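> I am sharing data-v8.cif, which consists of mmCIF, C-alpha atoms, pLDDT in the B column; chains and numbers go by the auth columns:
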data_query
#
loop_
_atom_site.group_PDB
_atom_site.id
_atom_site.type_symbol
_atom_site.label_atom_id
_atom_site.label_comp_id
_atom_site.label_asym_id
_atom_site.label_seq_id
_atom_site.Cartn_x
_atom_site.Cartn_y
_atom_site.Cartn_z
_atom_site.B_iso_or_equiv
_atom_site.auth_seq_id
_atom_site.auth_asym_id
ATOM 1 C CA MET A 1 -91.183 42.079 245.648 50.00 243 B
ATOM 2 C CA ARG A 2 -92.958 44.517 247.969 52.00 244 B
ATOM 3 C CA LEU A 3 -93.033 47.149 245.230 44.00 245 B
ATOM 4 C CA ILE A 4 -94.531 44.631 242.804 41.00 246 B
ATOM 5 C CA LEU A 5 -97.224 43.666 245.310 36.00 247 B
ATOM 6 C CA ILE A 6 -98.095 47.322 245.900 36.00 248 B
ATOM 7 C CA LEU A 7 -98.301 47.904 242.151 37.00 249 B
ATOM 8 C CA LEU A 8 -100.507 44.859 241.636 36.00 250 B
ATOM 9 C CA PHE A 9 -102.777 45.969 244.484 36.00 251 B
ATOM 10 C CA THR A 10 -103.027 49.464 243.003 34.00 252 B
ATOM 11 C CA LEU A 11 -103.864 48.149 239.539 33.00 253 B
ATOM 12 C CA SER A 12 -106.417 45.783 241.039 39.00 254 B
ATOM 13 C CA SER A 13 -108.037 48.660 242.957 37.00 255 B
ATOM 14 C CA ILE A 14 -108.229 50.796 239.819 37.00 256 B
ATOM 15 C CA ALA A 15 -109.788 47.957 237.832 40.00 257 B
ATOM 16 C CA HIS A 16 -112.273 47.312 240.639 45.00 258 B
ATOM 17 C CA ALA A 17 -113.260 50.988 240.746 48.00 259 B
ATOM 18 C CA GLN A 18 -113.827 51.026 236.994 68.00 260 B
ATOM 19 C CA ASN A 19 -115.938 47.872 237.133 93.00 261 B
ATOM 20 C CA GLN A 20 -118.084 48.877 240.094 96.00 262 B
ATOM 21 C CA ILE A 21 -120.127 51.956 241.012 97.00 263 B
ATOM 22 C CA SER A 22 -121.002 52.110 244.700 97.00 264 B
ATOM 23 C CA VAL A 23 -124.029 54.230 245.545 96.00 265 B
ATOM 24 C CA ASP A 24 -123.515 56.900 248.204 95.00 266 B
ATOM 25 C CA MET A 25 -126.147 55.957 250.769 93.00 267 B
ATOM 26 C CA SER A 26 -125.130 58.487 253.402 92.00 268 B
ATOM 27 C CA ALA A 27 -127.182 61.486 252.269 80.00 269 B
ATOM 28 C CA ASN A 28 -129.258 63.166 249.575 85.00 270 B
ATOM 29 C CA TRP A 29 -132.189 60.762 249.803 96.00 271 B
ATOM 30 C CA LEU A 30 -135.432 62.531 248.949 97.00 272 B
ATOM 31 C CA ARG A 31 -138.727 61.488 250.469 98.00 273 B
ATOM 32 C CA ARG A 32 -141.935 60.478 248.768 97.00 274 B
ATOM 33 C CA ASP A 33 -144.937 59.607 250.905 96.00 275 B
ATOM 34 C CA TRP A 34 -148.696 59.629 250.615 94.00 276 B
ATOM 35 C CA ASP A 35 -149.542 62.152 253.353 95.00 277 B
ATOM 36 C CA LYS A 36 -147.560 65.276 252.448 93.00 278 B
ATOM 37 C CA CYS A 37 -144.457 64.216 254.402 96.00 279 B
ATOM 38 C CA ARG A 38 -146.463 63.240 257.482 96.00 280 B
ATOM 39 C CA GLU A 39 -146.439 59.450 257.180 97.00 281 B
ATOM 40 C CA ASN A 40 -145.219 57.692 260.323 98.00 282 B
ATOM 41 C CA VAL A 41 -141.917 56.618 258.776 98.00 283 B
ATOM 42 C CA GLN A 42 -138.510 57.287 260.305 97.00 284 B
ATOM 43 C CA THR A 43 -135.051 56.840 258.782 97.00 285 B
ATOM 44 C CA GLN A 44 -131.532 56.520 260.096 96.00 286 B
ATOM 45 C CA TYR A 45 -128.115 56.283 258.493 96.00 287 B
ATOM 46 C CA GLN A 46 -125.338 54.734 260.546 95.00 288 B
ATOM 47 C CA ASN A 47 -122.179 52.782 259.717 94.00 289 B
ATOM 48 C CA GLY A 48 -123.057 52.512 256.044 95.00 290 B
ATOM 49 C CA VAL A 49 -126.614 51.294 256.677 97.00 291 B
ATOM 50 C CA PHE A 50 -129.784 53.128 255.656 98.00 292 B
ATOM 51 C CA THR A 51 -132.699 52.031 257.859 98.00 293 B
ATOM 52 C CA ILE A 52 -136.412 52.682 257.361 98.00 294 B
ATOM 53 C CA GLN A 53 -138.901 52.216 260.213 98.00 295 B
ATOM 54 C CA SER A 54 -142.510 52.090 259.047 98.00 296 B
ATOM 55 C CA ASP A 55 -145.478 52.051 261.446 98.00 297 B
ATOM 56 C CA GLN A 56 -148.732 51.503 259.533 97.00 298 B
ATOM 57 C CA ALA A 57 -147.388 53.924 256.965 98.00 299 B
ATOM 58 C CA ALA A 58 -145.726 54.174 253.562 96.00 300 B
ATOM 59 C CA ALA A 59 -142.822 56.261 252.324 97.00 301 B
ATOM 60 C CA LEU A 60 -139.995 55.673 249.909 98.00 302 B
ATOM 61 C CA PHE A 61 -136.600 57.363 249.700 98.00 303 B
ATOM 62 C CA TRP A 62 -135.047 58.063 246.356 98.00 304 B
ATOM 63 C CA GLN A 63 -132.060 59.534 244.606 97.00 305 B
ATOM 64 C CA VAL A 64 -130.583 59.675 241.103 97.00 306 B
ATOM 65 C CA PRO A 65 -127.309 57.705 241.098 96.00 307 B
ATOM 66 C CA THR A 66 -124.483 58.749 238.798 96.00 308 B
ATOM 67 C CA GLN A 67 -121.300 57.177 237.485 96.00 309 B
ATOM 68 C CA ASN A 68 -119.361 59.359 239.935 92.00 310 B
ATOM 69 C CA GLY A 69 -120.931 57.450 242.819 90.00 311 B
ATOM 70 C CA THR A 70 -122.629 60.577 244.161 92.00 312 B
ATOM 71 C CA PRO A 71 -126.314 61.405 243.676 95.00 313 B
ATOM 72 C CA LEU A 72 -127.334 63.917 241.034 95.00 314 B
ATOM 73 C CA PRO A 73 -128.044 67.277 242.750 94.00 315 B
ATOM 74 C CA ILE A 74 -131.791 67.913 242.836 94.00 316 B
ATOM 75 C CA ASP A 75 -133.407 71.280 243.538 93.00 317 B
ATOM 76 C CA ARG A 76 -135.151 70.649 246.855 94.00 318 B
ATOM 77 C CA ASP A 77 -137.117 73.898 246.648 95.00 319 B
ATOM 78 C CA GLN A 78 -139.471 72.450 244.066 95.00 320 B
ATOM 79 C CA ARG A 79 -142.970 72.268 245.490 95.00 321 B
ATOM 80 C CA TRP A 80 -143.505 68.599 244.665 96.00 322 B
ATOM 81 C CA ILE A 81 -140.362 67.711 246.603 96.00 323 B
ATOM 82 C CA GLU A 82 -141.308 69.920 249.549 96.00 324 B
ATOM 83 C CA ARG A 83 -144.661 68.084 249.666 97.00 325 B
ATOM 84 C CA CYS A 84 -143.032 64.637 249.267 97.00 326 B
ATOM 85 C CA ASP A 85 -145.096 64.100 246.133 96.00 327 B
ATOM 86 C CA ARG A 86 -144.461 61.901 243.095 91.00 328 B
ATOM 87 C CA PRO A 87 -142.153 63.173 240.353 92.00 329 B
ATOM 88 C CA PRO A 88 -144.036 65.122 237.667 91.00 330 B
ATOM 89 C CA THR A 89 -144.612 63.729 234.195 85.00 331 B
ATOM 90 C CA GLY A 90 -141.460 64.208 232.134 88.00 332 B
ATOM 91 C CA PHE A 91 -139.214 64.132 235.200 92.00 333 B
ATOM 92 C CA GLU A 92 -137.009 61.492 233.602 91.00 334 B
ATOM 93 C CA LYS A 93 -136.297 63.660 230.548 88.00 335 B
ATOM 94 C CA ASP A 94 -135.292 66.563 232.785 91.00 336 B
ATOM 95 C CA ILE A 95 -132.984 64.239 234.711 94.00 337 B
ATOM 96 C CA ARG A 96 -131.312 63.024 231.516 91.00 338 B
ATOM 97 C CA LYS A 97 -130.756 66.616 230.361 90.00 339 B
ATOM 98 C CA GLN A 98 -129.448 67.786 233.742 90.00 340 B
ATOM 99 C CA ALA A 99 -127.030 64.868 233.997 90.00 341 B
ATOM 100 C CA GLN A 100 -125.260 65.533 230.712 86.00 342 B
ATOM 101 C CA GLY A 101 -121.599 66.304 231.183 77.00 343 B
ATOM 102 C CA GLN A 102 -120.671 66.669 234.826 80.00 344 B
ATOM 103 C CA HIS A 103 -122.921 63.972 236.304 90.00 345 B
ATOM 104 C CA PRO A 104 -123.261 61.098 233.800 95.00 346 B
ATOM 105 C CA LEU A 105 -126.019 58.624 234.576 97.00 347 B
ATOM 106 C CA ILE A 106 -125.414 54.913 235.055 98.00 348 B
ATOM 107 C CA SER A 107 -126.061 52.856 231.942 97.00 349 B
ATOM 108 C CA VAL A 108 -127.628 49.422 232.390 98.00 350 B
ATOM 109 C CA SER A 109 -125.842 48.120 229.314 96.00 351 B
ATOM 110 C CA GLU A 110 -122.463 49.144 230.786 97.00 352 B
ATOM 111 C CA HIS A 111 -123.212 48.082 234.375 98.00 353 B
ATOM 112 C CA PRO A 112 -125.836 45.329 233.998 98.00 354 B
ATOM 113 C CA HIS A 113 -125.404 43.780 237.453 98.00 355 B
ATOM 114 C CA ILE A 114 -126.640 45.103 240.790 97.00 356 B
ATOM 115 C CA SER A 115 -125.882 43.949 244.322 97.00 357 B
ATOM 116 C CA TRP A 116 -126.951 45.014 247.778 98.00 358 B
ATOM 117 C CA ARG A 117 -127.516 43.788 251.317 98.00 359 B
ATOM 118 C CA TRP A 118 -130.794 44.065 253.197 98.00 360 B
ATOM 119 C CA ARG A 119 -132.239 43.035 256.534 98.00 361 B
ATOM 120 C CA ILE A 120 -135.794 43.124 257.899 98.00 362 B
ATOM 121 C CA SER A 121 -137.326 42.935 261.366 98.00 363 B
ATOM 122 C CA ASN A 122 -140.260 40.803 260.184 98.00 364 B
ATOM 123 C CA THR A 123 -142.167 39.858 257.072 98.00 365 B
ATOM 124 C CA ILE A 124 -145.644 41.150 256.268 98.00 366 B
ATOM 125 C CA ASP A 125 -148.821 39.164 255.593 97.00 367 B
ATOM 126 C CA ASP A 126 -148.965 38.723 251.808 97.00 368 B
ATOM 127 C CA SER A 127 -152.119 36.593 251.557 96.00 369 B
ATOM 128 C CA GLN A 128 -153.896 39.518 249.865 96.00 370 B
ATOM 129 C CA THR A 129 -150.912 40.941 247.991 97.00 371 B
ATOM 130 C CA ALA A 130 -151.692 39.718 244.473 97.00 372 B
ATOM 131 C CA ASP A 131 -154.505 38.114 242.503 96.00 373 B
ATOM 132 C CA LYS A 132 -154.139 34.898 240.503 93.00 374 B
ATOM 133 C CA LYS A 133 -152.693 36.828 237.565 94.00 375 B
ATOM 134 C CA GLY A 134 -149.964 38.372 239.709 96.00 376 B
ATOM 135 C CA ARG A 135 -151.494 41.836 239.849 95.00 377 B
ATOM 136 C CA ILE A 136 -150.793 43.634 243.115 97.00 378 B
ATOM 137 C CA GLN A 137 -153.956 44.498 245.042 95.00 379 B
ATOM 138 C CA LYS A 138 -154.375 47.666 247.067 92.00 380 B
ATOM 139 C CA ASP A 139 -155.293 45.924 250.342 94.00 381 B
ATOM 140 C CA GLY A 140 -152.110 43.866 250.287 95.00 382 B
ATOM 141 C CA ASP A 141 -149.677 46.321 248.727 96.00 383 B
ATOM 142 C CA ASP A 142 -147.112 46.196 251.547 98.00 384 B
ATOM 143 C CA PHE A 143 -143.579 44.819 251.571 98.00 385 B
ATOM 144 C CA ALA A 144 -141.033 44.511 254.349 98.00 386 B
ATOM 145 C CA ALA A 145 -138.347 45.690 251.939 98.00 387 B
ATOM 146 C CA LYS A 146 -138.422 46.981 248.389 98.00 388 B
ATOM 147 C CA LEU A 147 -135.711 48.300 246.089 98.00 389 B
ATOM 148 C CA GLY A 148 -136.884 50.038 242.912 98.00 390 B
ATOM 149 C CA ILE A 149 -134.980 51.113 239.815 98.00 391 B
ATOM 150 C CA SER A 150 -136.424 53.492 237.201 97.00 392 B
ATOM 151 C CA ILE A 151 -134.886 52.881 233.781 97.00 393 B
ATOM 152 C CA LEU A 152 -135.176 54.638 230.437 97.00 394 B
ATOM 153 C CA ASN A 153 -135.178 52.491 227.346 96.00 395 B
ATOM 154 C CA SER A 154 -133.252 53.434 224.213 94.00 396 B
ATOM 155 C CA GLU A 155 -136.281 55.419 222.996 94.00 397 B
ATOM 156 C CA GLY A 156 -136.500 57.478 226.178 93.00 398 B
ATOM 157 C CA GLU A 157 -139.528 55.677 227.618 94.00 399 B
ATOM 158 C CA LEU A 158 -139.664 55.088 231.368 94.00 400 B
ATOM 159 C CA HIS A 159 -139.850 51.622 232.938 96.00 401 B
ATOM 160 C CA GLU A 160 -139.336 50.312 236.442 96.00 402 B
ATOM 161 C CA ILE A 161 -138.062 47.104 237.983 97.00 403 B
ATOM 162 C CA ALA A 162 -138.408 46.569 241.734 98.00 404 B
ATOM 163 C CA TYR A 163 -137.160 43.779 243.978 98.00 405 B
ATOM 164 C CA LEU A 164 -139.283 42.608 246.920 98.00 406 B
ATOM 165 C CA TRP A 165 -138.983 40.672 250.168 98.00 407 B
ATOM 166 C CA THR A 166 -142.215 38.742 250.795 98.00 408 B
ATOM 167 C CA ARG A 167 -143.466 36.204 253.337 98.00 409 B
ATOM 168 C CA THR A 168 -144.880 33.340 251.250 98.00 410 B
ATOM 169 C CA ILE A 169 -144.772 34.393 247.595 98.00 411 B
ATOM 170 C CA PRO A 170 -141.990 32.280 246.015 97.00 412 B
ATOM 171 C CA GLU A 171 -138.730 33.851 244.912 97.00 413 B
ATOM 172 C CA GLU A 172 -138.554 34.885 241.238 97.00 414 B
ATOM 173 C CA THR A 173 -142.331 35.360 241.097 98.00 415 B
ATOM 174 C CA PRO A 174 -143.139 38.315 238.816 97.00 416 B
ATOM 175 C CA LEU A 175 -145.797 40.768 239.984 98.00 417 B
ATOM 176 C CA THR A 176 -147.331 43.745 238.211 96.00 418 B
ATOM 177 C CA GLN A 177 -148.594 47.024 239.583 92.00 419 B
ATOM 178 C CA VAL A 178 -150.641 49.663 237.818 83.00 420 B
ATOM 179 C CA THR A 179 -150.337 53.312 238.867 75.00 421 B
ATOM 180 C CA THR A 180 -153.103 55.612 237.683 63.00 422 B
ATOM 181 C CA ILE A 181 -151.967 59.176 237.063 60.00 423 B
ATOM 182 C CA ILE A 182 -155.113 60.439 235.318 64.00 424 B
ATOM 183 C CA PRO A 183 -158.166 58.110 235.495 65.00 425 B
ATOM 184 C CA TRP A 184 -158.997 56.513 232.108 58.00 426 B
ATOM 185 C CA VAL A 185 -156.277 58.622 230.463 52.00 427 B
ATOM 186 C CA LEU A 186 -152.781 57.918 231.863 57.00 428 B
ATOM 187 C CA LYS A 187 -151.630 54.751 233.605 69.00 429 B
ATOM 188 C CA PHE A 188 -148.226 53.188 234.180 75.00 430 B
ATOM 189 C CA LYS A 189 -147.564 49.476 234.545 88.00 431 B
ATOM 190 C CA TRP A 190 -144.634 48.531 236.757 93.00 432 B
ATOM 191 C CA TYR A 191 -142.973 45.152 237.217 97.00 433 B
ATOM 192 C CA ARG A 192 -141.746 43.624 240.479 98.00 434 B
ATOM 193 C CA ILE A 193 -139.715 40.490 241.203 98.00 435 B
ATOM 194 C CA VAL A 194 -139.653 38.601 244.498 98.00 436 B
ATOM 195 C CA ALA A 195 -135.939 38.484 245.332 98.00 437 B
ATOM 196 C CA GLU A 196 -136.315 37.130 248.864 98.00 438 B
ATOM 197 C CA SER A 197 -139.111 35.170 250.516 98.00 439 B
ATOM 198 C CA GLY A 198 -139.782 33.728 253.937 97.00 440 B
ATOM 199 C CA ASP A 199 -139.013 34.293 257.615 97.00 441 B
ATOM 200 C CA GLN A 200 -135.894 32.149 257.846 96.00 442 B
ATOM 201 C CA ASN A 201 -133.563 35.112 257.355 96.00 443 B
ATOM 202 C CA VAL A 202 -135.420 37.701 259.449 97.00 444 B
ATOM 203 C CA ASN A 203 -132.987 39.897 261.431 98.00 445 B
ATOM 204 C CA THR A 204 -130.126 38.588 259.300 97.00 446 B
ATOM 205 C CA TRP A 205 -128.221 40.413 256.588 97.00 447 B
ATOM 206 C CA VAL A 206 -128.928 38.878 253.189 97.00 448 B
ATOM 207 C CA ARG A 207 -126.824 39.687 250.134 96.00 449 B
ATOM 208 C CA GLU A 208 -128.588 39.884 246.778 97.00 450 B
ATOM 209 C CA THR A 209 -127.056 39.950 243.318 97.00 451 B
ATOM 210 C CA ARG A 210 -129.182 40.422 240.203 97.00 452 B
ATOM 211 C CA ASN A 211 -128.598 40.741 236.499 97.00 453 B
ATOM 212 C CA LEU A 212 -130.591 43.930 236.005 98.00 454 B
ATOM 213 C CA TYR A 213 -130.218 43.758 232.226 98.00 455 B
ATOM 214 C CA ASN A 214 -131.723 40.263 232.097 97.00 456 B
ATOM 215 C CA ASP A 215 -134.509 41.245 234.483 98.00 457 B
ATOM 216 C CA PHE A 216 -135.361 44.200 232.231 98.00 458 B
ATOM 217 C CA LYS A 217 -135.378 41.989 229.122 97.00 459 B
ATOM 218 C CA ARG A 218 -137.613 39.525 230.957 97.00 460 B
ATOM 219 C CA PHE A 219 -140.441 42.055 230.836 97.00 461 B
ATOM 220 C CA TYR A 220 -139.421 44.093 227.782 97.00 462 B
ATOM 221 C CA PRO A 221 -137.838 41.557 225.400 97.00 463 B
ATOM 222 C CA LYS A 222 -138.028 43.845 222.359 97.00 464 B
ATOM 223 C CA GLU A 223 -136.474 46.868 224.086 97.00 465 B
ATOM 224 C CA GLU A 224 -133.003 47.856 225.223 98.00 466 B
ATOM 225 C CA PRO A 225 -132.395 49.474 228.638 98.00 467 B
ATOM 226 C CA ALA A 226 -130.473 52.745 228.744 97.00 468 B
ATOM 227 C CA GLU A 227 -129.874 55.053 231.743 97.00 469 B
ATOM 228 C CA ILE A 228 -131.033 54.678 235.327 98.00 470 B
ATOM 229 C CA VAL A 229 -132.900 57.840 236.320 97.00 471 B
ATOM 230 C CA ARG A 230 -133.908 56.930 239.865 97.00 472 B
ATOM 231 C CA ILE A 231 -133.448 54.329 242.583 98.00 473 B
ATOM 232 C CA TYR A 232 -135.547 54.068 245.716 98.00 474 B
ATOM 233 C CA LEU A 233 -135.671 52.154 248.991 98.00 475 B
ATOM 234 C CA MET A 234 -138.862 51.355 250.837 98.00 476 B
ATOM 235 C CA SER A 235 -140.443 49.484 253.744 97.00 477 B
ATOM 236 C CA ASP A 236 -144.196 50.053 253.789 95.00 478 B
ATOM 237 C CA SER A 237 -146.943 48.803 256.048 97.00 479 B
ATOM 238 C CA ASP A 238 -149.979 51.073 255.594 97.00 480 B
ATOM 239 C CA ASN A 239 -152.412 48.779 253.782 96.00 481 B
ATOM 240 C CA THR A 240 -151.981 45.851 256.183 96.00 482 B
ATOM 241 C CA ASN A 241 -151.728 47.983 259.353 96.00 483 B
ATOM 242 C CA SER A 242 -148.344 46.461 260.110 97.00 484 B
ATOM 243 C CA ARG A 243 -145.021 47.589 261.510 98.00 485 B
ATOM 244 C CA VAL A 244 -141.678 46.780 259.931 98.00 486 B
ATOM 245 C CA THR A 245 -138.071 47.916 259.842 98.00 487 B
ATOM 246 C CA GLY A 246 -135.963 47.427 256.744 98.00 488 B
ATOM 247 C CA SER A 247 -132.239 48.163 256.390 98.00 489 B
ATOM 248 C CA PHE A 248 -130.175 48.505 253.223 98.00 490 B
ATOM 249 C CA ALA A 249 -126.414 48.628 252.610 98.00 491 B
ATOM 250 C CA ASP A 250 -123.676 48.184 249.994 97.00 492 B
ATOM 251 C CA LEU A 251 -125.802 49.044 246.957 98.00 493 B
ATOM 252 C CA SER A 252 -123.584 48.813 243.859 98.00 494 B
ATOM 253 C CA PHE A 253 -123.755 48.456 240.090 98.00 495 B
ATOM 254 C CA HIS A 254 -121.227 46.223 238.334 98.00 496 B
ATOM 255 C CA LYS A 255 -119.860 45.656 234.855 97.00 497 B
ATOM 256 C CA ASN A 256 -119.272 41.994 235.659 96.00 498 B
ATOM 257 C CA ALA A 257 -121.233 39.633 237.854 92.00 499 B
ATOM 258 C CA PRO A 258 -120.046 40.115 241.446 89.00 500 B
ATOM 259 C CA PHE A 259 -119.134 37.231 243.678 71.00 501 B
ATOM 260 C CA ALA A 260 -122.357 36.085 245.333 59.00 502 B
ATOM 261 C CA ARG A 261 -121.918 35.245 248.986 51.00 503 B
ATOM 262 C CA ALA A 262 -124.200 32.734 250.629 43.00 504 B
ATOM 263 C CA LYS A 263 -127.482 34.146 251.872 49.00 505 B
ATOM 264 C CA GLY A 264 -127.452 35.029 255.522 42.00 506 B
ATOM 265 C CA SER A 265 -123.762 35.986 255.558 38.00 507 B
ATOM 266 C CA GLN A 266 -122.860 38.708 257.999 39.00 508 B
#
Rewrite the structure from the file as structure tokens, please.

Amino acid sequence: MRLILILLFTLSSIAHAQNQISVDMSANWLRRDWDKCRENVQTQYQNGVFTIQSDQAAALFWQVPTQNGTPLPIDRDQRWIERCDRPPTGFEKDIRKQAQGQHPLISVSEHPHISWRWRISNTIDDSQTADKKGRIQKDGDDFAAKLGISILNSEGELHEIAYLWTRTIPEETPLTQVTTIIPWVLKFKWYRIVAESGDQNVNTWVRETRNLYNDFKRFYPKEEPAEIVRIYLMSDSDNTNSRVTGSFADLSFHKNAPFARAKGSQ
């Protein structure tokens, strides 16, 4: 009987590993900020938790997850990385090429579900965050916690879905953000979804589970998602002159919908 139980446990563990990709959150996060790496943002990794402390500042921390569970190695000597700048145009195509073979990228169609835990010290005033059409405004473009996922479609075009924690904007509200690369020439439109709202769970771990495939199709119904070429974590407070601490843990991609624990579970 004991041997059978051990065998069943082993088979269950193998099946679980095949169905879930857990992101290595311990290292290899690269920084992007808006003041050449000088934004007043501090990070800490401890006991499986990645924490971002933002004091009237903005910075995000990104990596390229792979099916192996480890981040894709990125050459840190590149000038744009040394300056904490945005990825250059065509970055996603370089990532896809580099990942071929040894470091396969995560496919949204194969692992359509995502889960994570997050915790915040406080929410941020969102009265000026978006206009009536749901477009994010510069003066209110701050969020206590934000998790972004850059996704290629089947044609190799780049899209992004990000999940937000707001103060008063209702959960499931879609927001849009336009990033101008070259004025009047090149702009990108990004979509955000409010995954958590309100102060009731401040300083409490909240578990989120999302169907990333369905969220992608919500904004791009005629397209099919392909590989994930970047994920990022962020707590920013520069536009509202705020202070906030956001923590993230247990970020995973799943083939099947994971069991969703009640919000606020420890």
> Show me, as a PDB file with C-alpha atoms, in the coordinates of the input, the residues that have an atom within 9 Å of region 349-359 of chain B when counting all atoms listed in the file, minus same-chain residues fewer than 5 positions from it.

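To be explicit, this is the file written out as out30.pdb:
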ATOM      1  CA  ASN B 261    -115.938  47.872 237.133  1.00 93.00           C
ATOM      2  CA  GLN B 262    -118.084  48.877 240.094  1.00 96.00           C
ATOM      3  CA  ILE B 263    -120.127  51.956 241.012  1.00 97.00           C
ATOM      4  CA  GLN B 309    -121.300  57.177 237.485  1.00 96.00           C
ATOM      5  CA  ILE B 393    -134.886  52.881 233.781  1.00 97.00           C
ATOM      6  CA  TRP B 447    -128.221  40.413 256.588  1.00 97.00           C
ATOM      7  CA  VAL B 448    -128.928  38.878 253.189  1.00 97.00           C
ATOM      8  CA  ARG B 449    -126.824  39.687 250.134  1.00 96.00           C
ATOM      9  CA  GLU B 450    -128.588  39.884 246.778  1.00 97.00           C
ATOM     10  CA  THR B 451    -127.056  39.950 243.318  1.00 97.00           C
ATOM     11  CA  ARG B 452    -129.182  40.422 240.203  1.00 97.00           C
ATOM     12  CA  ASN B 453    -128.598  40.741 236.499  1.00 97.00           C
ATOM     13  CA  LEU B 454    -130.591  43.930 236.005  1.00 98.00           C
ATOM     14  CA  TYR B 455    -130.218  43.758 232.226  1.00 98.00           C
ATOM     15  CA  ASN B 456    -131.723  40.263 232.097  1.00 97.00           C
ATOM     16  CA  GLU B 466    -133.003  47.856 225.223  1.00 98.00           C
ATOM     17  CA  PRO B 467    -132.395  49.474 228.638  1.00 98.00           C
ATOM     18  CA  ALA B 468    -130.473  52.745 228.744  1.00 97.00           C
ATOM     19  CA  GLU B 469    -129.874  55.053 231.743  1.00 97.00           C
ATOM     20  CA  ILE B 470    -131.033  54.678 235.327  1.00 98.00           C
ATOM     21  CA  SER B 489    -132.239  48.163 256.390  1.00 98.00           C
ATOM     22  CA  PHE B 490    -130.175  48.505 253.223  1.00 98.00           C
ATOM     23  CA  ALA B 491    -126.414  48.628 252.610  1.00 98.00           C
ATOM     24  CA  ASP B 492    -123.676  48.184 249.994  1.00 97.00           C
ATOM     25  CA  LEU B 493    -125.802  49.044 246.957  1.00 98.00           C
ATOM     26  CA  SER B 494    -123.584  48.813 243.859  1.00 98.00           C
ATOM     27  CA  PHE B 495    -123.755  48.456 240.090  1.00 98.00           C
ATOM     28  CA  HIS B 496    -121.227  46.223 238.334  1.00 98.00           C
ATOM     29  CA  LYS B 497    -119.860  45.656 234.855  1.00 97.00           C
ATOM     30  CA  ASN B 498    -119.272  41.994 235.659  1.00 96.00           C
ATOM     31  CA  ALA B 499    -121.233  39.633 237.854  1.00 92.00           C
ATOM     32  CA  PRO B 500    -120.046  40.115 241.446  1.00 89.00           C
ATOM     33  CA  ALA B 502    -122.357  36.085 245.333  1.00 59.00           C
TER      34      ALA B 502
END
> The PyMOL selection byres ((chain B and resi 289-299) around 7) - which residues does that actually catch in the file I just gave you? List them as a PDB file with C-alpha atoms, in the coordinates of the input.

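Written out: result37.pdb:
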ATOM      1  CA  MET B 267    -126.147  55.957 250.769  1.00 93.00           C
ATOM      2  CA  SER B 268    -125.130  58.487 253.402  1.00 92.00           C
ATOM      3  CA  GLU B 281    -146.439  59.450 257.180  1.00 97.00           C
ATOM      4  CA  ASN B 282    -145.219  57.692 260.323  1.00 98.00           C
ATOM      5  CA  VAL B 283    -141.917  56.618 258.776  1.00 98.00           C
ATOM      6  CA  GLN B 284    -138.510  57.287 260.305  1.00 97.00           C
ATOM      7  CA  THR B 285    -135.051  56.840 258.782  1.00 97.00           C
ATOM      8  CA  GLN B 286    -131.532  56.520 260.096  1.00 96.00           C
ATOM      9  CA  TYR B 287    -128.115  56.283 258.493  1.00 96.00           C
ATOM     10  CA  GLN B 288    -125.338  54.734 260.546  1.00 95.00           C
ATOM     11  CA  ALA B 300    -145.726  54.174 253.562  1.00 96.00           C
ATOM     12  CA  ALA B 301    -142.822  56.261 252.324  1.00 97.00           C
ATOM     13  CA  SER B 477    -140.443  49.484 253.744  1.00 97.00           C
ATOM     14  CA  ASP B 478    -144.196  50.053 253.789  1.00 95.00           C
ATOM     15  CA  SER B 479    -146.943  48.803 256.048  1.00 97.00           C
ATOM     16  CA  ASP B 480    -149.979  51.073 255.594  1.00 97.00           C
ATOM     17  CA  ASN B 483    -151.728  47.983 259.353  1.00 96.00           C
ATOM     18  CA  SER B 484    -148.344  46.461 260.110  1.00 97.00           C
ATOM     19  CA  ARG B 485    -145.021  47.589 261.510  1.00 98.00           C
ATOM     20  CA  VAL B 486    -141.678  46.780 259.931  1.00 98.00           C
ATOM     21  CA  THR B 487    -138.071  47.916 259.842  1.00 98.00           C
ATOM     22  CA  GLY B 488    -135.963  47.427 256.744  1.00 98.00           C
ATOM     23  CA  SER B 489    -132.239  48.163 256.390  1.00 98.00           C
ATOM     24  CA  PHE B 490    -130.175  48.505 253.223  1.00 98.00           C
ATOM     25  CA  ALA B 491    -126.414  48.628 252.610  1.00 98.00           C
TER      26      ALA B 491
END
> Restricting the calculation to all atoms listed in the file: of B:Thr482, B:Gln320, B:Thr331, B:Thr415, which residue gets closest to Glu399 (chain B)?
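Answer, going by the shortest atom-to-atom distance: B:Thr331.
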> Under the rule that only C-alpha atoms are counted, which of B:Asp367, B:Lys380, B:Gly440, B:Leu394 is the nearest residue to Ile348 (chain B)?
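Under the stated criterion, the closest residue is B:Leu394.
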> For Gly332 (chain B), which of B:Tyr462, B:Thr408, B:Ala372, B:Gly398 is the closest residue, counting only C-alpha atoms?
B:Gly398
> Give me, as a tab-separated table, each residue of region 372-446 of chain B that comes within 12 Å of region 457-461 of chain B, together with its shortest interatomic pair and the distance in Å at one decimal, counting all atoms listed in the file, with rows ordered by chain and rising residue number.

residue	atom	partner	partner_atom	distance
B:Ile391	CA	B:Phe458	CA	10.3
B:Ser392	CA	B:Phe458	CA	10.6
B:Ile393	CA	B:Phe458	CA	8.8
B:Leu394	CA	B:Phe458	CA	10.6
B:Asn395	CA	B:Phe458	CA	9.6
B:Leu400	CA	B:Phe458	CA	11.7
B:His401	CA	B:Phe458	CA	8.7
B:Glu402	CA	B:Phe458	CA	8.4
B:Ile403	CA	B:Phe458	CA	7.0
B:Ala404	CA	B:Asp457	CA	9.8
B:Tyr405	CA	B:Asp457	CA	10.2
B:Glu414	CA	B:Asp457	CA	10.1
B:Thr415	CA	B:Asp457	CA	11.8
B:Pro416	CA	B:Phe461	CA	9.2
B:Leu417	CA	B:Phe461	CA	10.7
B:Thr418	CA	B:Phe461	CA	10.2
B:Lys431	CA	B:Phe461	CA	10.9
B:Trp432	CA	B:Phe461	CA	9.7
B:Tyr433	CA	B:Phe461	CA	7.5
B:Arg434	CA	B:Asp457	CA	9.7
B:Ile435	CA	B:Asp457	CA	8.5
B:Val436	CA	B:Asp457	CA	11.6
B:Ala437	CA	B:Asp457	CA	11.3
